[in-house]
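The structure appears right after this line, and notes come after that.
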Amino acid sequence: MMPLAGVDPLAGAGSLGIPSLYWERPVAREAAAGWGEAGVREAQVAAELPSVLGALGHESVRWLGPVPTRMPGPWFGGMRFSPTGQVDGAWRSHGLARWTLPEVLVWREDNALYVAAFASEAQGGADAVRSRLARVRASFPEVYRHAAGAPVALRMSSSRRDFEALVDRAVEAIRTGQLHKVVLARAMDAEGPEPFDVVDVLARLREQNPRCATFLFRAPDGTGFLGATPETLCRVDGRVLETEALAGSAAPGGEAVLDASDKDRREHEAVVCYILQALEPVAASVSADAQPSVLALKNVMHLRTGIRARLGEGVDTAQVVTALHPTPAVGGTPRELALSFLVEHEALDRGWYAGPVGWVGPGRAHLVVALRSALVRGAHARLFVGAGIVAGSSAESEWRETEMKSLAMLRALGGGDVVGR
C-alpha cells in the first residue's frame with residue numbers, strides 16, 4: 001500500500017484504462033476504483049451462494065507493508081436478483097454471482113488517495129505487486145475531466161400498454177388477497193451514436209447523484225453493469241449492522257404529498273416490518289427510527305427509515321444477505337408469493353438489477369441494492385427501473401414513476417439529451 005497525489009480514484013483512468021470496478025458514496029467521501037483481476041470467486045448454482053459470499057469475509061491477504069484499516073473490499077462484485085430461472089445471454093458474463101479481487105485498487109481516505117496491488121501467492125507475486133504499484137504511481141496525479149455525452153436514442157423493451165396491464169394484474173391479485181405488495185420492473189434499451197464511455201458515464205452519475213452509491217462491475221468481455229442507487233441492503237462492521245427501509249416515492253418537491261400519502265405509507269411500513277422480522281434470527285438486538293424521513297434525490301423522493309442491529313455471535317455477511325434479500329422494496333410480500341408472481345408475469349430477466357452489489361472484506365461489508373442501473377456493452381445499454389404495487393396503485397401513476405426513476409441513468413448516458421421518448 002502507498003499514498004498517491006490527488007483525491008479522485010478515476011484520475012488514473014487516462015493511463016490505466018477503463019476500471020474493472022468502481023464504488024463511490026460521495027456523502028461519506030468513500031470512493032474506490034480497481035483495475036484487472038488478481039482473483040475471481042463465482043457461484044455456478046444457487047446452493048453455492050452462501051459459501052462463496054461467506055468465504056469472502058474470511059479470505060486472507062498477506063500484506064507486504066502496513067495493513068490498511070479503512071480500505072473498501074478488497075472483494076467487489078454482486079449477484080443476480082433471483083438465483084433461479086433462465087439467464088439472458090446479455091447477463092452471461094456476470095453470471096449468477098461474481099466477485100473479483102483487483103490487481104490494483106485505488107481508494108480515497110479523507111483528502112488523500114491510497115493504492116494497493118494484489119497478486120497470487122505464487123513465485124514472483126511480490127515482484128508483481130511492486131511493479132503494479134510503480135505503474136500506478138506513474139499514472140497519477142493527472143486530473144480526469146469527463147466530456148459531455150452525445151444524445152442517445154431510446155426504445156422500450158416493453159410497451160406502456162403491456163406494463164400498465166401488468167400493474168392492473170398485480171392490483172387485482174392484491175385485491176383478491178393473493179399478495180400484499182409486489183414490485184414490478186421494466187427495461188428500456190438505449191443506443192448511442194458510438195460506444196458509451198463508461199468512465200464518462202460514471203463521472204456524470206456521481207456528480208448528478210451525490211446522495212447515492214455509484215457502482216461499476218465490468219466483466220472481462222467489456223460488459224459493464226453500473227448505476228447510482230440510493231438503497232443500502234447492509235453495511236457490516238464486525239457485529240454492527242446498518243440497513244434501511246426505502247419505499248414510497250414522489251416527484252421532487254412532493255415532500256408534503258409523500259408524507260401524507262396513505263398508499264406510500266403502507267408501502268413503506270411493509271418494508272420496515274419485513275426487515276425487522278427478517279433480522280430476528282441473526283441479530284441480538286434491533287432498533288429502527290421512530291418515524292420515516294424523506295430522502296430527497298434529484299429526480300425522485302423516497303420515505304426512508306434507518307435500521308440498526310447488533311448481530312449474533314458468528315453471524316457473517318452471507319447470513320445477513322440471505323435473511324434480507326430480496327426485501328419488499330424490490331420483491332414484495334409475502335416474499336415467496338410475490339417472487340412467484342414475478343416469475344409468472346414479469347417476463348423480464350432482471351439479472352443483477354435489484355440484486356446485492358458492493359464490497360466484502362474480513363469482518364466488513366457494504367452491499368447496496370442495484371437500482372437505477374444499466375447493463376452497458378459498446379453502444380448499447382439496457383436500463384432497468386421498477387415500482388412498488390400495493391392496494392390503491394394506479395397503472396398510469398406507476399408508469400410515470402418508472403419514467404421519473406429512469407432519468408438518472410438516461411442523463412448519465414446521454415448527458416441530459418434523450419431522443420425518441
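Order determines the names: the first chain of the C-alpha cells is A, the second B, and so forth; residues in each chain are numbered 1 upward, and ligands are numbered 1 upward as they are shown.
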Sel. of helix (DSSP H, G or I) residues, stretch 152-375 of chain A, as an NGL selection string: :A and (160-175 or 198-208 or 255-260 or 262-279 or 317-324 or 335-345)
With a cut-off of 12 Å, could you pull out the residues of stretch 67-126 of chain A touching stretch 210-231 of chain A and give me the nearest pair of atoms for each, distance in Å to one decimal, using only C-alpha atoms, ordered by chain and ascending number, as JSON lines?
```
{"residue": "A:Trp75", "atom": "CA", "partner": "A:Phe217", "partner_atom": "CA", "distance": 11.5}
{"residue": "A:Phe76", "atom": "CA", "partner": "A:Phe217", "partner_atom": "CA", "distance": 7.9}
{"residue": "A:Gly77", "atom": "CA", "partner": "A:Phe217", "partner_atom": "CA", "distance": 6.3}
{"residue": "A:Gly78", "atom": "CA", "partner": "A:Phe217", "partner_atom": "CA", "distance": 8.2}
{"residue": "A:Met79", "atom": "CA", "partner": "A:Phe217", "partner_atom": "CA", "distance": 10.8}
{"residue": "A:Arg80", "atom": "CA", "partner": "A:Phe225", "partner_atom": "CA", "distance": 11.5}
{"residue": "A:Gly89", "atom": "CA", "partner": "A:Thr223", "partner_atom": "CA", "distance": 11.5}
{"residue": "A:Ala90", "atom": "CA", "partner": "A:Thr223", "partner_atom": "CA", "distance": 8.4}
{"residue": "A:Trp91", "atom": "CA", "partner": "A:Thr223", "partner_atom": "CA", "distance": 8.6}
{"residue": "A:Arg92", "atom": "CA", "partner": "A:Thr223", "partner_atom": "CA", "distance": 9.7}
{"residue": "A:Ser93", "atom": "CA", "partner": "A:Ala219", "partner_atom": "CA", "distance": 6.1}
{"residue": "A:His94", "atom": "CA", "partner": "A:Ala219", "partner_atom": "CA", "distance": 6.4}
{"residue": "A:Gly95", "atom": "CA", "partner": "A:Ala219", "partner_atom": "CA", "distance": 9.8}
{"residue": "A:Ala97", "atom": "CA", "partner": "A:Phe217", "partner_atom": "CA", "distance": 11.5}
{"residue": "A:Arg98", "atom": "CA", "partner": "A:Ala219", "partner_atom": "CA", "distance": 9.1}
{"residue": "A:Trp99", "atom": "CA", "partner": "A:Phe217", "partner_atom": "CA", "distance": 9.2}
{"residue": "A:Thr100", "atom": "CA", "partner": "A:Phe217", "partner_atom": "CA", "distance": 9.2}
{"residue": "A:Leu101", "atom": "CA", "partner": "A:Phe217", "partner_atom": "CA", "distance": 11.7}
{"residue": "A:Pro102", "atom": "CA", "partner": "A:Phe217", "partner_atom": "CA", "distance": 11.2}
```
Now that the selection is made, can you save its residues with N, CA, C and O atoms as a PDB file, in the first residue's frame?
```
ATOM      1  N   TRP A  75     -12.724  -7.464  -1.926  1.00  0.00           N
ATOM      2  CA  TRP A  75     -13.501  -8.178  -2.931  1.00  0.00           C
ATOM      3  C   TRP A  75     -14.700  -7.321  -3.342  1.00  0.00           C
ATOM      4  O   TRP A  75     -15.413  -6.780  -2.493  1.00  0.00           O
ATOM      5  N   PHE A  76     -14.928  -7.210  -4.653  1.00  0.00           N
ATOM      6  CA  PHE A  76     -16.011  -6.391  -5.190  1.00  0.00           C
ATOM      7  C   PHE A  76     -16.833  -7.225  -6.173  1.00  0.00           C
ATOM      8  O   PHE A  76     -16.282  -8.010  -6.952  1.00  0.00           O
ATOM      9  N   GLY A  77     -18.148  -7.027  -6.152  1.00  0.00           N
ATOM     10  CA  GLY A  77     -18.985  -7.765  -7.108  1.00  0.00           C
ATOM     11  C   GLY A  77     -20.439  -7.752  -6.699  1.00  0.00           C
ATOM     12  O   GLY A  77     -20.916  -6.830  -6.030  1.00  0.00           O
ATOM     13  N   GLY A  78     -21.152  -8.807  -7.086  1.00  0.00           N
ATOM     14  CA  GLY A  78     -22.570  -8.871  -6.789  1.00  0.00           C
ATOM     15  C   GLY A  78     -23.183 -10.155  -7.279  1.00  0.00           C
ATOM     16  O   GLY A  78     -22.478 -11.101  -7.661  1.00  0.00           O
ATOM     17  N   MET A  79     -24.501 -10.177  -7.292  1.00  0.00           N
ATOM     18  CA  MET A  79     -25.218 -11.392  -7.677  1.00  0.00           C
ATOM     19  C   MET A  79     -26.572 -11.033  -8.280  1.00  0.00           C
ATOM     20  O   MET A  79     -27.043  -9.905  -8.156  1.00  0.00           O
ATOM     21  N   ARG A  80     -27.169 -12.005  -8.905  1.00  0.00           N
ATOM     22  CA  ARG A  80     -28.464 -11.818  -9.554  1.00  0.00           C
ATOM     23  C   ARG A  80     -29.567 -11.543  -8.534  1.00  0.00           C
ATOM     24  O   ARG A  80     -29.482 -11.955  -7.379  1.00  0.00           O
ATOM     25  N   GLY A  89     -28.815 -14.044 -22.361  1.00  0.00           N
ATOM     26  CA  GLY A  89     -27.471 -14.021 -22.924  1.00  0.00           C
ATOM     27  C   GLY A  89     -26.687 -12.782 -22.563  1.00  0.00           C
ATOM     28  O   GLY A  89     -25.462 -12.829 -22.395  1.00  0.00           O
ATOM     29  N   ALA A  90     -27.382 -11.643 -22.431  1.00  0.00           N
ATOM     30  CA  ALA A  90     -26.701 -10.387 -22.106  1.00  0.00           C
ATOM     31  C   ALA A  90     -26.064 -10.432 -20.725  1.00  0.00           C
ATOM     32  O   ALA A  90     -25.088  -9.720 -20.459  1.00  0.00           O
ATOM     33  N   TRP A  91     -26.591 -11.278 -19.827  1.00  0.00           N
ATOM     34  CA  TRP A  91     -26.103 -11.360 -18.459  1.00  0.00           C
ATOM     35  C   TRP A  91     -25.103 -12.499 -18.255  1.00  0.00           C
ATOM     36  O   TRP A  91     -24.620 -12.699 -17.128  1.00  0.00           O
ATOM     37  N   ARG A  92     -24.788 -13.235 -19.301  1.00  0.00           N
ATOM     38  CA  ARG A  92     -23.962 -14.428 -19.121  1.00  0.00           C
ATOM     39  C   ARG A  92     -22.587 -14.108 -18.543  1.00  0.00           C
ATOM     40  O   ARG A  92     -22.046 -14.855 -17.734  1.00  0.00           O
ATOM     41  N   SER A  93     -21.996 -12.981 -18.947  1.00  0.00           N
ATOM     42  CA  SER A  93     -20.651 -12.664 -18.480  1.00  0.00           C
ATOM     43  C   SER A  93     -20.620 -12.327 -16.986  1.00  0.00           C
ATOM     44  O   SER A  93     -19.575 -12.459 -16.344  1.00  0.00           O
ATOM     45  N   HIS A  94     -21.753 -11.875 -16.427  1.00  0.00           N
ATOM     46  CA  HIS A  94     -21.797 -11.579 -14.997  1.00  0.00           C
ATOM     47  C   HIS A  94     -22.233 -12.787 -14.177  1.00  0.00           C
ATOM     48  O   HIS A  94     -21.892 -12.878 -12.997  1.00  0.00           O
ATOM     49  N   GLY A  95     -22.979 -13.684 -14.795  1.00  0.00           N
ATOM     50  CA  GLY A  95     -23.325 -14.939 -14.152  1.00  0.00           C
ATOM     51  C   GLY A  95     -24.243 -14.805 -12.959  1.00  0.00           C
ATOM     52  O   GLY A  95     -24.853 -13.761 -12.712  1.00  0.00           O
ATOM     53  N   ALA A  97     -23.317 -15.113  -9.672  1.00  0.00           N
ATOM     54  CA  ALA A  97     -22.623 -14.255  -8.705  1.00  0.00           C
ATOM     55  C   ALA A  97     -21.162 -14.209  -9.104  1.00  0.00           C
ATOM     56  O   ALA A  97     -20.576 -15.234  -9.454  1.00  0.00           O
ATOM     57  N   ARG A  98     -20.570 -13.023  -9.048  1.00  0.00           N
ATOM     58  CA  ARG A  98     -19.172 -12.877  -9.459  1.00  0.00           C
ATOM     59  C   ARG A  98     -18.506 -11.826  -8.576  1.00  0.00           C
ATOM     60  O   ARG A  98     -18.962 -10.693  -8.492  1.00  0.00           O
ATOM     61  N   TRP A  99     -17.408 -12.227  -7.916  1.00  0.00           N
ATOM     62  CA  TRP A  99     -16.662 -11.348  -7.026  1.00  0.00           C
ATOM     63  C   TRP A  99     -15.205 -11.348  -7.449  1.00  0.00           C
ATOM     64  O   TRP A  99     -14.631 -12.404  -7.720  1.00  0.00           O
ATOM     65  N   THR A 100     -14.598 -10.168  -7.532  1.00  0.00           N
ATOM     66  CA  THR A 100     -13.228 -10.076  -8.003  1.00  0.00           C
ATOM     67  C   THR A 100     -12.343  -9.342  -7.000  1.00  0.00           C
ATOM     68  O   THR A 100     -12.777  -8.423  -6.304  1.00  0.00           O
ATOM     69  N   LEU A 101     -11.097  -9.789  -6.955  1.00  0.00           N
ATOM     70  CA  LEU A 101     -10.028  -9.102  -6.235  1.00  0.00           C
ATOM     71  C   LEU A 101      -9.196  -8.409  -7.303  1.00  0.00           C
ATOM     72  O   LEU A 101      -8.590  -9.072  -8.139  1.00  0.00           O
ATOM     73  N   PRO A 102      -9.170  -7.068  -7.345  1.00  0.00           N
ATOM     74  CA  PRO A 102      -8.473  -6.388  -8.439  1.00  0.00           C
ATOM     75  C   PRO A 102      -6.954  -6.527  -8.322  1.00  0.00           C
ATOM     76  O   PRO A 102      -6.420  -6.768  -7.233  1.00  0.00           O
TER      77      PRO A 102
END
```
Using only C-alpha atoms: which of A:Ala251, A:Ala270, A:Leu348, A:Val240 has the shortest distance to A:Arg310: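 Among the listed residues, A:Val240 lies closest to A:Arg310.
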Atom pair atom CA of A:His345 / atom CA of A:Gln178: separation (Å):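 These two atoms are separated by 14.1 Å.
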Minimum-distance residue to A:Asp289, chosen among A:Ala245, A:Val321, A:Ala381, A:Ala250 (using only C-alpha atoms):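 Looking at the shortest contact to A:Asp289, the residue is A:Ala245.
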A:Trp107 environment, 9 Å, only C-alpha atoms, sequence neighbours closer than 6 positions dropped, as JSON, numbers by chain: {"A": [7, 8, 9, 30, 31, 32, 33, 34, 71, 72, 113, 114, 115, 116]}
Writing out the chosen residues with all heavy atoms as an mmCIF file, in the first residue's frame:
```
data_model
loop_
_atom_site.group_PDB
_atom_site.id
_atom_site.type_symbol
_atom_site.label_atom_id
_atom_site.label_comp_id
_atom_site.auth_asym_id
_atom_site.auth_seq_id
_atom_site.Cartn_x
_atom_site.Cartn_y
_atom_site.Cartn_z
ATOM 1 N N VAL A 7 -7.251 13.335 -5.137
ATOM 2 C CA VAL A 7 -8.359 12.831 -4.326
ATOM 3 C C VAL A 7 -9.383 12.085 -5.167
ATOM 4 O O VAL A 7 -10.417 11.685 -4.650
ATOM 5 C CB VAL A 7 -9.074 13.982 -3.577
ATOM 6 C CG1 VAL A 7 -8.159 14.602 -2.543
ATOM 7 C CG2 VAL A 7 -9.582 15.047 -4.550
ATOM 8 N N ASP A 8 -9.118 11.868 -6.448
ATOM 9 C CA ASP A 8 -10.094 11.239 -7.336
ATOM 10 C C ASP A 8 -9.575 9.898 -7.836
ATOM 11 O O ASP A 8 -8.615 9.852 -8.604
ATOM 12 C CB ASP A 8 -10.381 12.158 -8.524
ATOM 13 C CG ASP A 8 -11.529 11.640 -9.385
ATOM 14 O OD1 ASP A 8 -12.005 10.519 -9.123
ATOM 15 O OD2 ASP A 8 -11.939 12.347 -10.317
ATOM 16 N N PRO A 9 -10.187 8.767 -7.428
ATOM 17 C CA PRO A 9 -9.723 7.465 -7.897
ATOM 18 C C PRO A 9 -9.823 7.280 -9.404
ATOM 19 O O PRO A 9 -9.151 6.413 -9.966
ATOM 20 C CB PRO A 9 -10.647 6.482 -7.158
ATOM 21 C CG PRO A 9 -11.101 7.215 -5.956
ATOM 22 C CD PRO A 9 -11.236 8.647 -6.408
ATOM 23 N N GLU A 30 -16.328 8.275 0.372
ATOM 24 C CA GLU A 30 -15.764 6.937 0.181
ATOM 25 C C GLU A 30 -15.772 6.621 -1.305
ATOM 26 O O GLU A 30 -16.812 6.683 -1.952
ATOM 27 C CB GLU A 30 -16.599 5.907 0.943
ATOM 28 C CG GLU A 30 -16.114 4.481 0.786
ATOM 29 C CD GLU A 30 -16.999 3.502 1.550
ATOM 30 O OE1 GLU A 30 -16.817 3.371 2.774
ATOM 31 O OE2 GLU A 30 -17.893 2.892 0.928
ATOM 32 N N ALA A 31 -14.621 6.313 -1.854
ATOM 33 C CA ALA A 31 -14.532 6.017 -3.280
ATOM 34 C C ALA A 31 -13.395 5.033 -3.522
ATOM 35 O O ALA A 31 -12.371 5.056 -2.831
ATOM 36 C CB ALA A 31 -14.304 7.287 -4.096
ATOM 37 N N ALA A 32 -13.571 4.166 -4.519
ATOM 38 C CA ALA A 32 -12.545 3.192 -4.876
ATOM 39 C C ALA A 32 -12.691 2.819 -6.344
ATOM 40 O O ALA A 32 -13.803 2.749 -6.874
ATOM 41 C CB ALA A 32 -12.663 1.933 -4.013
ATOM 42 N N ALA A 33 -11.568 2.607 -6.996
ATOM 43 C CA ALA A 33 -11.547 2.126 -8.379
ATOM 44 C C ALA A 33 -10.531 0.996 -8.471
ATOM 45 O O ALA A 33 -9.475 1.042 -7.823
ATOM 46 C CB ALA A 33 -11.181 3.257 -9.344
ATOM 47 N N GLY A 34 -10.842 -0.014 -9.265
ATOM 48 C CA GLY A 34 -9.955 -1.158 -9.402
ATOM 49 C C GLY A 34 -9.727 -1.514 -10.850
ATOM 50 O O GLY A 34 -10.601 -1.311 -11.703
ATOM 51 N N MET A 71 -9.740 0.560 4.008
ATOM 52 C CA MET A 71 -9.856 0.222 2.591
ATOM 53 C C MET A 71 -11.164 -0.520 2.324
ATOM 54 O O MET A 71 -11.481 -1.502 2.994
ATOM 55 C CB MET A 71 -8.680 -0.674 2.180
ATOM 56 C CG MET A 71 -8.758 -1.188 0.752
ATOM 57 S SD MET A 71 -7.478 -2.446 0.425
ATOM 58 C CE MET A 71 -8.118 -3.805 1.412
ATOM 59 N N PRO A 72 -11.961 -0.093 1.348
ATOM 60 C CA PRO A 72 -13.136 -0.884 0.966
ATOM 61 C C PRO A 72 -12.693 -2.224 0.373
ATOM 62 O O PRO A 72 -11.644 -2.312 -0.256
ATOM 63 C CB PRO A 72 -13.825 -0.020 -0.103
ATOM 64 C CG PRO A 72 -13.225 1.335 0.044
ATOM 65 C CD PRO A 72 -11.834 1.128 0.554
ATOM 66 N N LEU A 113 -5.436 9.908 -1.518
ATOM 67 C CA LEU A 113 -5.624 8.654 -2.224
ATOM 68 C C LEU A 113 -4.567 7.645 -1.785
ATOM 69 O O LEU A 113 -3.422 8.004 -1.495
ATOM 70 C CB LEU A 113 -5.505 8.851 -3.738
ATOM 71 C CG LEU A 113 -6.634 9.564 -4.464
ATOM 72 C CD1 LEU A 113 -6.334 9.606 -5.956
ATOM 73 C CD2 LEU A 113 -7.979 8.894 -4.219
ATOM 74 N N TYR A 114 -4.973 6.369 -1.774
ATOM 75 C CA TYR A 114 -4.053 5.281 -1.476
ATOM 76 C C TYR A 114 -4.231 4.192 -2.521
ATOM 77 O O TYR A 114 -5.297 4.069 -3.153
ATOM 78 C CB TYR A 114 -4.311 4.711 -0.077
ATOM 79 C CG TYR A 114 -4.001 5.678 1.027
ATOM 80 C CD1 TYR A 114 -4.937 6.627 1.430
ATOM 81 C CD2 TYR A 114 -2.755 5.678 1.652
ATOM 82 C CE1 TYR A 114 -4.652 7.531 2.433
ATOM 83 C CE2 TYR A 114 -2.456 6.581 2.667
ATOM 84 C CZ TYR A 114 -3.409 7.511 3.044
ATOM 85 O OH TYR A 114 -3.120 8.418 4.031
ATOM 86 N N VAL A 115 -3.196 3.400 -2.712
ATOM 87 C CA VAL A 115 -3.252 2.327 -3.694
ATOM 88 C C VAL A 115 -2.693 1.055 -3.087
ATOM 89 O O VAL A 115 -1.728 1.082 -2.302
ATOM 90 C CB VAL A 115 -2.476 2.691 -4.980
ATOM 91 C CG1 VAL A 115 -1.012 2.979 -4.685
ATOM 92 C CG2 VAL A 115 -2.595 1.571 -6.017
ATOM 93 N N ALA A 116 -3.317 -0.060 -3.414
ATOM 94 C CA ALA A 116 -2.818 -1.379 -3.051
ATOM 95 C C ALA A 116 -2.801 -2.230 -4.302
ATOM 96 O O ALA A 116 -3.665 -2.085 -5.181
ATOM 97 C CB ALA A 116 -3.698 -2.022 -1.980
#
```
Spatial neighbours of A:Leu383, max dist 7 Å, only C-alpha atoms, sep filter under 5 positions, as number ranges by chain: A: 187-189, 373-375
In stretch 209-329 of chain A, DSSP strand (DSSP E) residues written as a PyMOL selection string: chain A and resi 213-218+224-229+232-237+240-250+283-288+293-296+301-311
Preceding selection exported with N, CA and C atoms as a short mmCIF file (atom, residue, chain, number, x, y, z; two decimals), in the first residue's frame:
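To be explicit, this is the file written out as part04.cif:
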```
data_model
loop_
_atom_site.label_atom_id
_atom_site.label_comp_id
_atom_site.auth_asym_id
_atom_site.auth_seq_id
_atom_site.Cartn_x
_atom_site.Cartn_y
_atom_site.Cartn_z
N ALA A 213 -25.06 5.67 -3.96
CA ALA A 213 -23.83 4.90 -4.14
C ALA A 213 -23.69 4.61 -5.64
N THR A 214 -22.58 5.05 -6.21
CA THR A 214 -22.30 4.83 -7.63
C THR A 214 -21.43 3.59 -7.78
N PHE A 215 -21.75 2.72 -8.74
CA PHE A 215 -21.01 1.47 -8.85
C PHE A 215 -20.81 1.06 -10.30
N LEU A 216 -19.76 0.27 -10.53
CA LEU A 216 -19.47 -0.35 -11.82
C LEU A 216 -18.84 -1.71 -11.56
N PHE A 217 -19.35 -2.74 -12.27
CA PHE A 217 -18.74 -4.06 -12.25
C PHE A 217 -18.63 -4.51 -13.70
N ARG A 218 -17.39 -4.55 -14.17
CA ARG A 218 -17.14 -4.78 -15.60
C ARG A 218 -16.50 -6.15 -15.80
N GLY A 224 -20.42 -4.00 -18.90
CA GLY A 224 -20.40 -3.35 -17.61
C GLY A 224 -21.78 -3.17 -17.03
N PHE A 225 -21.93 -3.44 -15.75
CA PHE A 225 -23.17 -3.17 -15.02
C PHE A 225 -22.89 -2.01 -14.10
N LEU A 226 -23.62 -0.90 -14.26
CA LEU A 226 -23.33 0.30 -13.49
C LEU A 226 -24.61 1.03 -13.13
N GLY A 227 -24.52 1.88 -12.12
CA GLY A 227 -25.70 2.62 -11.71
C GLY A 227 -25.40 3.50 -10.51
N ALA A 228 -26.44 4.16 -10.02
CA ALA A 228 -26.36 5.01 -8.83
C ALA A 228 -27.60 4.73 -8.00
N THR A 229 -27.45 4.00 -6.92
CA THR A 229 -28.59 3.56 -6.13
C THR A 229 -28.65 4.28 -4.79
N THR A 232 -29.21 1.06 0.62
CA THR A 232 -28.26 0.13 1.22
C THR A 232 -28.99 -1.13 1.67
N LEU A 233 -28.46 -2.29 1.27
CA LEU A 233 -29.00 -3.55 1.78
C LEU A 233 -28.42 -3.84 3.16
N CYS A 234 -27.09 -3.76 3.28
CA CYS A 234 -26.47 -3.96 4.59
C CYS A 234 -25.07 -3.37 4.61
N ARG A 235 -24.74 -2.78 5.71
CA ARG A 235 -23.37 -2.32 5.98
C ARG A 235 -22.95 -2.98 7.28
N VAL A 236 -21.93 -3.83 7.19
CA VAL A 236 -21.49 -4.64 8.32
C VAL A 236 -20.10 -4.23 8.73
N ASP A 237 -19.92 -4.00 10.02
CA ASP A 237 -18.61 -3.71 10.59
C ASP A 237 -18.51 -4.49 11.90
N VAL A 240 -21.74 -4.98 14.09
CA VAL A 240 -22.65 -3.85 13.92
C VAL A 240 -23.22 -3.86 12.50
N LEU A 241 -24.52 -3.81 12.39
CA LEU A 241 -25.21 -3.82 11.10
C LEU A 241 -26.04 -2.55 10.95
N GLU A 242 -25.95 -1.93 9.79
CA GLU A 242 -26.82 -0.82 9.42
C GLU A 242 -27.55 -1.19 8.14
N THR A 243 -28.84 -0.95 8.10
CA THR A 243 -29.62 -1.15 6.89
C THR A 243 -30.72 -0.09 6.86
N GLU A 244 -31.63 -0.18 5.92
CA GLU A 244 -32.67 0.83 5.82
C GLU A 244 -33.87 0.30 5.05
N ALA A 245 -35.01 0.89 5.32
CA ALA A 245 -36.21 0.66 4.52
C ALA A 245 -36.40 1.88 3.64
N LEU A 246 -36.45 1.65 2.34
CA LEU A 246 -36.61 2.75 1.37
C LEU A 246 -37.75 2.39 0.45
N ALA A 247 -38.89 2.99 0.66
CA ALA A 247 -40.07 2.68 -0.16
C ALA A 247 -41.07 3.81 -0.03
N GLY A 248 -41.84 4.00 -1.09
CA GLY A 248 -42.72 5.16 -1.19
C GLY A 248 -42.01 6.24 -1.98
N SER A 249 -42.62 6.70 -3.07
CA SER A 249 -41.93 7.62 -3.97
C SER A 249 -42.84 8.78 -4.37
N ALA A 250 -42.20 9.91 -4.66
CA ALA A 250 -42.91 11.09 -5.17
C ALA A 250 -41.96 11.90 -6.01
N ALA A 283 -29.85 -11.42 14.63
CA ALA A 283 -29.46 -10.26 15.42
C ALA A 283 -29.75 -10.46 16.90
N ALA A 284 -28.83 -9.97 17.74
CA ALA A 284 -29.06 -9.99 19.18
C ALA A 284 -29.98 -8.85 19.59
N SER A 285 -29.94 -7.74 18.86
CA SER A 285 -30.83 -6.61 19.13
C SER A 285 -31.04 -5.83 17.85
N VAL A 286 -32.22 -5.21 17.72
CA VAL A 286 -32.58 -4.44 16.53
C VAL A 286 -33.31 -3.18 16.95
N SER A 287 -33.02 -2.06 16.29
CA SER A 287 -33.75 -0.83 16.55
C SER A 287 -33.98 -0.10 15.23
N ALA A 288 -34.99 0.75 15.20
CA ALA A 288 -35.34 1.49 13.98
C ALA A 288 -35.75 2.90 14.33
N SER A 293 -38.15 9.42 7.50
CA SER A 293 -37.77 10.73 7.00
C SER A 293 -37.94 10.72 5.48
N VAL A 294 -37.73 11.86 4.86
CA VAL A 294 -37.82 11.95 3.40
C VAL A 294 -36.41 12.08 2.83
N LEU A 295 -36.05 11.16 1.95
CA LEU A 295 -34.78 11.22 1.25
C LEU A 295 -35.02 11.90 -0.09
N ALA A 296 -34.48 13.10 -0.26
CA ALA A 296 -34.69 13.88 -1.48
C ALA A 296 -33.53 13.67 -2.45
N MET A 301 -38.23 11.43 -4.74
CA MET A 301 -38.13 11.48 -3.28
C MET A 301 -38.65 10.15 -2.74
N HIS A 302 -38.04 9.68 -1.62
CA HIS A 302 -38.45 8.42 -1.01
C HIS A 302 -38.65 8.61 0.49
N LEU A 303 -39.51 7.78 1.06
CA LEU A 303 -39.57 7.64 2.51
C LEU A 303 -38.45 6.70 2.94
N ARG A 304 -37.76 7.06 4.03
CA ARG A 304 -36.63 6.26 4.50
C ARG A 304 -36.69 6.07 6.02
N THR A 305 -36.48 4.82 6.45
CA THR A 305 -36.35 4.50 7.86
C THR A 305 -35.02 3.80 8.08
N GLY A 306 -34.16 4.37 8.93
CA GLY A 306 -32.90 3.74 9.25
C GLY A 306 -33.08 2.63 10.28
N ILE A 307 -32.37 1.52 10.08
CA ILE A 307 -32.49 0.35 10.97
C ILE A 307 -31.08 -0.09 11.36
N ARG A 308 -30.91 -0.38 12.65
CA ARG A 308 -29.60 -0.80 13.16
C ARG A 308 -29.75 -2.10 13.96
N ALA A 309 -28.70 -2.90 13.96
CA ALA A 309 -28.75 -4.16 14.70
C ALA A 309 -27.36 -4.54 15.20
N ARG A 310 -27.35 -5.31 16.25
CA ARG A 310 -26.12 -5.95 16.70
C ARG A 310 -26.26 -7.43 16.36
N LEU A 311 -25.39 -7.92 15.50
CA LEU A 311 -25.50 -9.29 15.01
C LEU A 311 -25.15 -10.29 16.09
#
```
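Atom CA of A:Ala138 sits 16.3 Å away from atom CA of A:Pro19.
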Long-range neighbours of A:Gly361 as a ChimeraX atom specification, 8 Å cut-off, only C-alpha atoms, 4 positions minimum in chain: /A:56-59,72-75,365
Nearest-residue call for A:Val360, choices A:Gly332, A:Gly17, A:Gly54, A:Pro193, using only C-alpha atoms: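 Looking only at the distances to A:Val360, the closest residue turns out to be A:Gly54.
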Long-range neighbours of A:Leu179 as an NGL selection string, 9 Å cut-off, only C-alpha atoms, 6 positions minimum in chain: :A and (170-171 or 173 or 332-334 or 337-338 or 341 or 390)
